[in-house]
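Text of my_file.cif, listed as mmCIF, C-alpha atoms and all ligand atoms:
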```cif
data_structure
loop_
_atom_site.label_atom_id
_atom_site.label_comp_id
_atom_site.auth_asym_id
_atom_site.auth_seq_id
_atom_site.Cartn_x
_atom_site.Cartn_y
_atom_site.Cartn_z
CA VAL L 12 -14.94 2.39 -5.38
CA ASN L 13 -14.36 0.53 -2.15
CA PHE L 14 -14.21 2.30 1.21
CA ALA L 15 -15.28 -0.76 3.21
CA SER L 16 -11.99 -1.49 4.91
CA ASP L 17 -8.25 -1.06 4.72
CA ASN L 18 -8.27 -4.87 4.44
CA THR L 19 -9.68 -4.53 0.92
CA THR L 20 -6.42 -3.03 -0.35
CA GLY L 21 -3.71 -4.93 -2.12
CA ALA L 22 -0.09 -4.75 -1.05
CA ALA L 23 2.16 -1.83 -1.96
CA ASP L 24 4.49 -2.37 -4.93
CA GLU L 25 7.51 -1.83 -2.67
CA ILE L 26 6.35 -4.70 -0.44
CA LEU L 27 5.84 -7.08 -3.36
CA ALA L 28 9.23 -6.09 -4.80
CA ALA L 29 10.85 -6.88 -1.44
CA ILE L 30 9.21 -10.31 -1.35
CA THR L 31 10.48 -11.01 -4.86
CA ALA L 32 13.96 -9.81 -3.92
CA ALA L 33 13.94 -12.17 -0.91
CA ASN L 34 13.03 -15.04 -3.21
CA LYS L 35 16.63 -15.72 -4.18
CA GLY L 36 18.67 -18.70 -3.12
CA ARG L 37 18.46 -20.41 0.22
CA ALA L 38 17.94 -18.92 3.67
CA MET L 39 17.81 -20.65 7.03
CA PRO L 40 14.24 -21.37 8.14
CA TYR L 41 12.12 -20.45 11.17
CA GLY L 42 13.51 -16.96 11.54
CA ASN L 43 17.15 -18.03 11.64
CA ASP L 44 17.96 -16.01 8.52
CA ASP L 45 19.88 -12.75 8.30
CA LEU L 46 16.96 -10.68 7.05
CA THR L 47 14.71 -11.68 9.96
CA ARG L 48 17.46 -10.91 12.46
CA ARG L 49 18.04 -7.51 10.85
CA VAL L 50 14.36 -6.68 10.85
CA GLU L 51 13.91 -7.67 14.50
CA LYS L 52 16.76 -5.30 15.35
CA LYS L 53 15.34 -2.57 13.15
CA ILE L 54 11.94 -2.78 14.84
CA SER L 55 13.66 -2.44 18.22
CA GLU L 56 15.46 0.63 16.91
CA VAL L 57 12.20 2.18 15.74
CA PHE L 58 11.11 1.99 19.38
CA GLU L 59 14.50 3.11 20.76
CA ALA L 60 14.39 0.04 22.98
CA GLU L 61 15.89 -3.37 23.61
CA ALA L 62 12.59 -4.98 22.72
CA ALA L 63 12.00 -8.66 22.01
CA VAL L 64 10.42 -8.81 18.53
CA PHE L 65 8.47 -11.73 17.09
CA LEU L 66 7.19 -11.66 13.52
CA LEU L 67 3.94 -13.33 12.56
CA ALA L 68 1.25 -12.84 9.99
CA THR L 69 -2.17 -12.05 11.47
CA GLY L 70 -3.29 -9.45 13.94
CA THR L 71 -5.51 -11.94 15.71
CA ALA L 72 -2.52 -14.19 16.45
CA ALA L 73 -0.47 -11.18 17.56
CA ASN L 74 -3.17 -10.01 19.98
CA ALA L 75 -4.09 -13.41 21.35
CA LEU L 76 -0.46 -14.49 21.85
CA ALA L 77 0.42 -11.12 23.38
CA LEU L 78 -2.41 -11.43 25.91
CA SER L 79 -1.36 -14.99 26.71
CA VAL L 80 1.87 -13.73 28.34
CA MET L 81 0.03 -11.44 30.73
CA ALA L 82 -3.24 -13.14 31.62
CA PRO L 83 -3.53 -16.51 33.39
CA PRO L 84 -6.50 -18.78 32.64
CA PHE L 85 -8.37 -17.25 35.60
CA GLY L 86 -7.43 -13.68 34.63
CA ALA L 87 -9.55 -10.74 33.48
CA VAL L 88 -8.54 -8.60 30.52
CA TYR L 89 -10.19 -5.17 30.35
CA CYS L 90 -10.81 -3.77 26.89
CA GLN L 91 -13.17 -1.38 25.13
CA ALA L 92 -16.43 -3.12 24.21
CA GLU L 93 -15.93 -2.81 20.43
CA ALA L 94 -12.29 -3.92 20.59
CA HIS L 95 -11.21 -6.39 17.94
CA VAL L 96 -10.03 -8.74 20.71
CA ASN L 97 -13.55 -8.70 22.15
CA VAL L 98 -15.77 -8.93 19.10
CA ASP L 99 -13.74 -9.97 16.06
CA GLU L 100 -11.33 -12.70 17.08
CA CYS L 101 -13.65 -15.65 17.54
CA GLY L 102 -12.43 -16.27 21.06
CA ALA L 103 -8.73 -16.45 20.12
CA PRO L 104 -7.63 -14.39 23.17
CA GLU L 105 -9.63 -16.70 25.43
CA PHE L 106 -8.20 -19.73 23.60
CA TYR L 107 -4.54 -18.67 23.75
CA THR L 108 -4.79 -17.57 27.39
CA SER L 109 -6.44 -20.92 28.16
CA GLY L 110 -9.56 -19.19 29.35
CA ALA L 111 -8.99 -15.62 30.54
CA LYS L 112 -12.16 -13.53 30.46
CA LEU L 113 -12.41 -10.32 28.45
CA LEU L 114 -14.31 -7.67 30.40
CA PRO L 115 -15.62 -4.94 28.10
CA LEU L 116 -15.70 -1.27 29.15
CA GLU L 117 -17.95 1.15 27.31
CA GLY L 118 -15.43 3.93 26.80
CA VAL L 119 -15.92 7.31 25.16
CA ASP L 120 -15.21 7.75 21.45
CA GLY L 121 -13.85 4.20 21.33
CA LYS L 122 -11.42 4.82 24.18
CA ILE L 123 -11.35 3.31 27.65
CA THR L 124 -11.51 6.04 30.29
CA VAL L 125 -9.53 6.19 33.52
CA ALA L 126 -12.72 6.58 35.55
CA GLU L 127 -14.40 3.44 34.24
CA LEU L 128 -11.22 1.40 34.56
CA GLU L 129 -10.85 2.53 38.18
CA GLU L 130 -14.47 1.71 38.82
CA ALA L 131 -14.14 -1.74 37.24
CA LEU L 132 -11.08 -2.45 39.36
CA LEU L 133 -12.93 -1.40 42.50
CA ARG L 134 -15.65 -3.88 41.60
CA ALA L 135 -13.13 -6.71 41.08
CA ASP L 136 -13.69 -9.37 43.68
CA PRO L 137 -10.72 -11.29 45.11
CA ALA L 138 -13.05 -14.14 46.02
CA VAL L 139 -12.14 -17.47 44.51
CA HIS L 140 -15.36 -17.33 42.46
CA SER L 141 -14.25 -14.41 40.27
CA VAL L 142 -11.69 -13.91 37.52
CA GLN L 143 -8.78 -11.80 38.71
CA PRO L 144 -7.66 -8.54 37.04
CA ALA L 145 -4.64 -9.35 34.87
CA ALA L 146 -4.33 -7.00 31.90
CA ILE L 147 -5.78 -4.20 29.85
CA SER L 148 -5.81 -3.99 26.09
CA LEU L 149 -5.88 -0.60 24.38
CA THR L 150 -6.49 -0.32 20.65
CA GLN L 151 -4.39 2.35 18.94
CA ALA L 152 -5.82 3.75 16.65
CA THR L 153 -9.21 2.69 18.02
CA GLU L 154 -12.04 0.92 16.23
CA ALA L 155 -13.84 4.28 16.26
CA GLY L 156 -11.08 5.91 14.22
CA THR L 157 -9.90 7.90 17.22
CA VAL L 158 -6.46 8.00 18.78
CA TYR L 159 -5.41 7.90 22.44
CA THR L 160 -3.15 10.86 23.21
CA VAL L 161 0.15 10.12 24.93
CA ASP L 162 -1.26 11.58 28.16
CA GLU L 163 -4.36 9.41 27.92
CA VAL L 164 -2.25 6.28 27.50
CA ARG L 165 -0.08 7.33 30.43
CA ALA L 166 -3.06 7.99 32.68
CA ILE L 167 -4.62 4.60 31.93
CA THR L 168 -1.41 2.65 32.29
CA ALA L 169 -0.74 4.38 35.64
CA VAL L 170 -4.02 2.95 36.95
CA ALA L 171 -3.22 -0.44 35.43
CA ARG L 172 0.24 -0.50 36.90
CA LYS L 173 -1.00 0.40 40.37
CA ALA L 174 -3.35 -2.57 40.16
CA GLY L 175 -0.57 -4.87 38.90
CA LEU L 176 -2.08 -5.29 35.40
CA GLY L 177 -0.09 -5.92 32.23
CA VAL L 178 -0.67 -3.43 29.41
CA HIS L 179 -1.26 -4.58 25.86
CA MET L 180 -1.72 -2.30 22.88
CA ASP L 181 -3.44 -3.55 19.72
CA GLY L 182 -1.61 -1.55 17.08
CA ALA L 183 -3.19 -2.98 13.96
CA ARG L 184 -3.32 0.69 12.91
CA PHE L 185 -0.37 1.83 14.99
CA ALA L 186 1.16 3.72 12.05
CA ASN L 187 -2.01 5.79 11.65
CA ALA L 188 -1.96 6.62 15.35
CA VAL L 189 1.71 7.61 15.44
CA GLN L 190 1.29 9.71 12.33
CA SER L 191 -1.77 11.38 13.81
CA LEU L 192 -0.02 12.14 17.11
CA GLY L 193 3.26 13.19 15.51
CA CYS L 194 5.11 11.58 18.41
CA ALA L 195 7.95 9.06 18.58
CA PRO L 196 6.73 5.43 18.57
CA ALA L 197 8.39 5.01 21.99
CA ASP L 198 6.42 7.92 23.47
CA VAL L 199 3.07 6.23 23.07
CA THR L 200 4.26 2.70 23.92
CA TRP L 201 6.87 1.73 26.51
CA ARG L 202 7.58 5.28 27.66
CA ALA L 203 3.85 5.60 28.32
CA GLY L 204 3.63 2.28 30.18
CA VAL L 205 2.83 -0.23 27.43
CA ASP L 206 4.34 -3.69 27.99
CA VAL L 207 3.48 -5.45 24.73
CA LEU L 208 2.48 -4.03 21.35
CA SER L 209 0.82 -5.84 18.46
CA PHE L 210 2.43 -3.87 15.64
CA GLY L 211 0.47 -4.21 12.41
CA ALA L 212 1.61 -3.60 8.85
CA THR L 213 -0.97 -5.54 6.85
CA LYS L 214 -3.62 -2.81 6.78
CA ASN L 215 -1.08 -0.20 5.76
CA GLY L 216 0.52 -1.71 2.65
CA ALA L 217 1.97 -5.07 3.65
CA LEU L 218 0.69 -8.39 2.28
CA ALA L 219 0.60 -10.19 5.64
CA ALA L 220 3.03 -8.89 8.24
CA GLU L 221 2.53 -8.28 11.94
CA ALA L 222 4.90 -8.24 14.89
CA VAL L 223 4.63 -8.68 18.63
CA VAL L 224 6.97 -6.21 20.29
CA ILE L 225 7.65 -7.00 23.94
CA PHE L 226 9.14 -4.15 25.96
CA GLU L 227 9.06 -5.88 29.35
CA PRO L 228 11.78 -8.58 29.19
CA ALA L 229 10.14 -10.92 31.72
CA LEU L 230 7.12 -11.23 29.44
CA ALA L 231 9.25 -12.35 26.48
CA LYS L 232 10.65 -15.43 28.17
CA ASP L 233 8.30 -18.06 26.74
CA PHE L 234 6.98 -16.20 23.73
CA ALA L 235 8.97 -18.16 21.15
CA TYR L 236 7.31 -21.37 22.35
CA ARG L 237 3.88 -19.78 22.38
CA ARG L 238 4.30 -18.54 18.80
CA LYS L 239 5.43 -21.96 17.60
CA ARG L 240 2.66 -23.74 19.47
CA GLY L 241 0.21 -21.25 18.01
CA GLY L 242 1.31 -22.14 14.48
CA HIS L 243 2.85 -18.75 13.72
CA LEU L 244 6.51 -19.65 13.45
CA PHE L 245 6.83 -19.55 9.67
CA SER L 246 9.41 -21.84 8.12
CA LYS L 247 9.98 -19.27 5.36
CA MET L 248 10.03 -16.35 7.76
CA ARG L 249 12.25 -14.36 5.41
CA PHE L 250 9.16 -13.43 3.39
CA VAL L 251 7.46 -11.87 6.43
CA ALA L 252 10.75 -10.15 7.30
CA ALA L 253 11.11 -8.83 3.74
CA GLN L 254 7.77 -7.08 4.07
CA TRP L 255 8.85 -5.44 7.33
CA ASP L 256 12.16 -4.42 5.82
CA ALA L 257 10.41 -2.62 2.98
CA TYR L 258 7.70 -1.24 5.25
CA LEU L 259 10.11 0.50 7.62
CA ARG L 260 12.57 1.66 4.97
CA ASP L 261 12.70 5.46 4.58
CA ASP L 262 9.76 5.79 7.00
CA ARG L 263 7.41 4.45 4.36
CA TRP L 264 5.09 3.15 7.08
CA LEU L 265 4.56 6.68 8.34
CA HIS L 266 4.24 8.22 4.88
CA TRP L 267 1.63 5.64 3.88
CA ALA L 268 -0.32 6.11 7.09
CA GLY L 269 -0.04 9.86 6.69
CA HIS L 270 -1.61 9.59 3.27
CA ALA L 271 -4.45 7.43 4.62
CA ASN L 272 -5.09 9.88 7.45
CA ALA L 273 -5.02 12.85 5.08
CA MET L 274 -7.57 11.13 2.82
CA ALA L 275 -9.83 10.62 5.85
CA VAL L 276 -9.63 14.31 6.69
CA ARG L 277 -10.38 15.17 3.06
CA LEU L 278 -13.45 12.92 3.15
CA ALA L 279 -14.64 14.39 6.43
CA THR L 280 -14.12 17.96 5.27
CA GLY L 281 -16.27 17.31 2.20
CA LEU L 282 -18.98 15.22 3.84
CA ILE L 283 -19.57 17.62 6.73
CA LYS L 284 -21.07 20.00 4.14
CA VAL L 285 -23.72 17.46 3.09
CA PRO L 286 -27.02 18.48 4.73
CA GLY L 287 -27.85 16.10 7.59
CA ALA L 288 -24.35 14.70 7.92
CA ARG L 289 -23.38 13.85 11.48
CA PHE L 290 -20.08 12.34 12.56
CA SER L 291 -20.15 9.79 15.38
CA PHE L 292 -16.54 10.39 16.47
CA PRO L 293 -13.71 12.83 15.84
CA VAL L 294 -11.77 11.85 12.71
CA GLU L 295 -8.23 11.24 13.94
CA ALA L 296 -6.92 8.35 11.86
CA ASN L 297 -8.16 6.54 8.75
CA GLU L 298 -11.70 5.48 9.66
CA LEU L 299 -14.74 7.69 9.78
CA PHE L 300 -18.29 7.05 10.88
CA VAL L 301 -20.90 9.37 9.48
CA SER L 302 -24.69 9.34 9.55
CA LEU L 303 -26.25 10.57 6.31
CA PRO L 304 -29.87 10.76 5.11
CA ASP L 305 -31.12 7.41 3.73
CA LYS L 306 -31.48 8.83 0.21
CA VAL L 307 -27.81 9.80 0.23
CA ILE L 308 -26.71 6.35 1.40
CA ASP L 309 -28.95 4.62 -1.16
CA GLY L 310 -27.65 6.91 -3.90
CA LEU L 311 -24.02 6.21 -2.99
CA LYS L 312 -24.69 2.47 -3.06
CA LYS L 313 -26.39 2.74 -6.46
CA ASP L 314 -23.39 4.67 -7.75
CA GLY L 315 -21.23 1.68 -6.81
CA PHE L 316 -19.52 2.99 -3.69
CA GLU L 317 -18.88 0.21 -1.19
CA PHE L 318 -18.90 0.65 2.58
CA TYR L 319 -20.40 -0.88 5.68
CA VAL L 320 -23.45 0.46 7.49
CA TRP L 321 -22.37 0.39 11.13
CA PRO L 322 -25.07 0.14 13.81
CA ALA L 323 -24.11 2.49 16.66
CA ALA L 324 -24.94 2.30 20.35
CA ASP L 325 -27.13 5.45 20.17
CA GLY L 326 -29.46 3.83 17.60
CA ALA L 327 -27.92 5.73 14.67
CA THR L 328 -26.73 3.83 11.62
CA PRO L 329 -23.67 5.66 10.39
CA ILE L 330 -21.72 4.36 7.44
CA ARG L 331 -18.10 3.49 8.03
CA LEU L 332 -15.62 4.77 5.47
CA VAL L 333 -12.02 3.61 5.63
CA THR L 334 -9.12 5.13 3.75
CA ALA L 335 -5.75 3.54 3.15
CA PHE L 336 -2.21 4.02 1.90
CA ASP L 337 -3.39 3.82 -1.71
CA THR L 338 -6.66 5.76 -1.57
CA LEU L 339 -6.95 8.12 -4.53
CA SER L 340 -7.95 11.70 -3.83
CA ALA L 341 -10.07 11.51 -7.01
CA ASP L 342 -12.10 8.68 -5.43
CA VAL L 343 -12.54 10.69 -2.24
CA ASP L 344 -13.72 13.69 -4.23
CA ALA L 345 -16.05 11.50 -6.31
CA LEU L 346 -17.74 10.18 -3.16
CA ILE L 347 -18.16 13.68 -1.74
CA GLU L 348 -19.61 14.96 -5.00
CA ALA L 349 -21.99 12.00 -5.26
CA ALA L 350 -23.15 12.52 -1.66
CA GLN L 351 -23.82 16.17 -2.41
CA ASN L 352 -25.72 15.29 -5.59
CA HIS L 353 -27.96 12.81 -3.75
CA SER L 354 -28.77 15.16 -0.88
C1 LIG Q 401 -8.19 -3.23 15.59
C2 LIG Q 401 -7.78 -4.48 14.90
N1 LIG Q 401 -6.95 -5.33 15.51
C3 LIG Q 401 -6.49 -6.44 14.91
C4 LIG Q 401 -6.88 -6.75 13.63
C5 LIG Q 401 -6.20 -7.93 12.98
O1 LIG Q 401 -6.94 -8.84 12.41
P1 LIG Q 401 -6.47 -10.02 11.44
O2 LIG Q 401 -6.38 -11.24 12.30
O3 LIG Q 401 -7.55 -10.05 10.47
O4 LIG Q 401 -5.13 -9.69 10.85
C6 LIG Q 401 -7.80 -5.93 12.95
C7 LIG Q 401 -8.29 -6.29 11.60
O5 LIG Q 401 -9.33 -5.93 11.14
C8 LIG Q 401 -8.25 -4.76 13.61
O6 LIG Q 401 -9.10 -3.91 13.01
#
```
Can the structure in the file be given as structure tokens, please?
Ligand SMILES: Cc1ncc(COP(=O)(O)O)c(C=O)c1O
Amino acid sequence: VNFASDNTTGAADEILAAITAANKGRAMPYGNDDLTRRVEKKISEVFEAEAAVFLLATGTAANALALSVMAPPFGAVYCQAEAHVNVDECGAPEFYTSGAKLLPLEGVDGKITVAELEEALLRADPAVHSVQPAAISLTQATEAGTVYTVDEVRAITAVARKAGLGVHMDGARFANAVQSLGCAPADVTWRAGVDVLSFGATKNGALAAEAVVIFEPALAKDFAYRRKRGGHLFSKMRFVAAQWDAYLRDDRWLHWAGHANAMAVRLATGLIKVPGARFSFPVEANELFVSLPDKVIDGLKKDGFEFYVWPAADGATPIRLVTAFDTLSADVDALIEAAQNHS
């Protein structure tokens, strides 16, 4: 049973059915088809905004292209140290911004804090020798499986705004965050000061579907060119749009994320009872990090459970367990039972 990542999942049947349904007849290419137009509008409606929406197919492209509209080549982008943009994108943000520098902040529980952002901005040097503060990137839900509250996002964006920074949100797991907060998507994005969102669907049931949602009109001006130049303007865009259409229909995206989050809580509730179990972070979305005695980890591996061992800053080596839209409660219960048996 695989708990390594939500990237190990397949696509939901509803998504595949939508792709098949879109595979009929001819449709204009490069996003000039009716389905793409409808989906762009629908995404705007989800956010109760007149947003500019651009579909693409990887989160790395979404993040890197989003940052490229707010950071010049000599700009600084503040992010949490473990952020995907900082450690998992092979320099794509630096590449697409033509050289902006990512400046990592330590954060608490995977979240940037107001205090450290303020301190970093105080340290910023206007001298010609230094990169100049340009943007912040918040990951929602975070790489630690935690979620910024609406107030936390607001407090950070207020500091950013005062310093003239653009605000990007990496929402590869945005559905999990919204479901966890129980708020409107708008409340934790543009109403809380976010300028550009990378809205992910791939980890939560899509095959390959992401979107850049730009709330600040001035930032959208050149995005179409940037997406094309970046190789993410798909000729058969209708197939990306079809995934989004199915994803948003009847709030499936929230139901699927809700299931993933509930499975994470179920895992946590069972594992906390295993002697020696220690959680690195609060469990607020669909990822959990738990230290367990070596014999338990070895036993789980021998039983065929798959997961990553995740070196932590405090020297601990928790395992990371990730749940998803299709995680079976029987598999969760089997892992808990096995952990108890090996303890
Ligand atoms: C926080 C976060 N952002 C973005 C991504 C998107 O990555 P990809 O380019 O693999 O779609 C991921 C994928 O693991 C992620 O975890």
Write out as lines of an AutoDock Vina configuration file an axis-aligned box for ligand LIG 401 (chain Q): all of its atoms listed in the file, 3 Å added on each side, centre and edge lengths in Å with one decimal.
```
center_x = -7.2
center_y = -7.2
center_z = 13.0
size_x = 10.2
size_y = 14.0
size_z = 11.1
```
Spatial neighbours of Ile330 (chain L), 9 Å, only C-alpha atoms, chain gap at least 2 places, as an MDAnalysis selection string: chainID L and resid 299:303 308 318:322 328 332
Expected selection as an MDAnalysis selection string for ligand LIG 401 (chain Q) within 6 Å, all atoms listed in the file: chainID L and resid 69:71 95 154 181 183
Separation of CA of Gly156 (chain L) from CA of Asp342 (chain L) in Å: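 Computing the Euclidean distance for CA of Asp342 (chain L) and CA of Gly156 (chain L) yields 19.9 Å.
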Top pick for closest residue to Leu208 (chain L), considering L:Asn74, L:Ser109, L:Ser354, L:Gln190 and counting all atoms listed in the file: L:Asn74
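Closest to Ala268 (chain L) among L:Leu311, L:Leu192, L:Ala203, L:Ala222 is L:Leu192, based on only C-alpha atoms.
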Using 8 Å as the limit and counting all atoms listed in the file, can you tabulate each residue of region 72-158 of chain L that touches region 238-242 of chain L, with its shortest atom-to-atom distance in Å and the two atoms involved, as CSV?
```
residue,atom,partner,partner_atom,distance
L:Ala72,CA,L:Gly241,CA,7.7
L:Leu76,CA,L:Arg238,CA,7.0
L:Tyr107,CA,L:Gly241,CA,7.9
```
Counting all atoms listed in the file, the option among L:Asp17, L:Asp261, L:Asp198, L:Glu127 closest to Phe58 (chain L): L:Asp198
Selected residue of minimal separation from Ala62 (chain L) among L:Glu105, L:Asp136, L:Asp206, L:Asp44, counting only C-alpha atoms: L:Asp206
Selected residue of minimal separation from Cys101 (chain L) among L:Ala75, L:Ala335, L:Ile147, L:Ala29, counting all atoms listed in the file: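 Closest candidate: L:Ala75.
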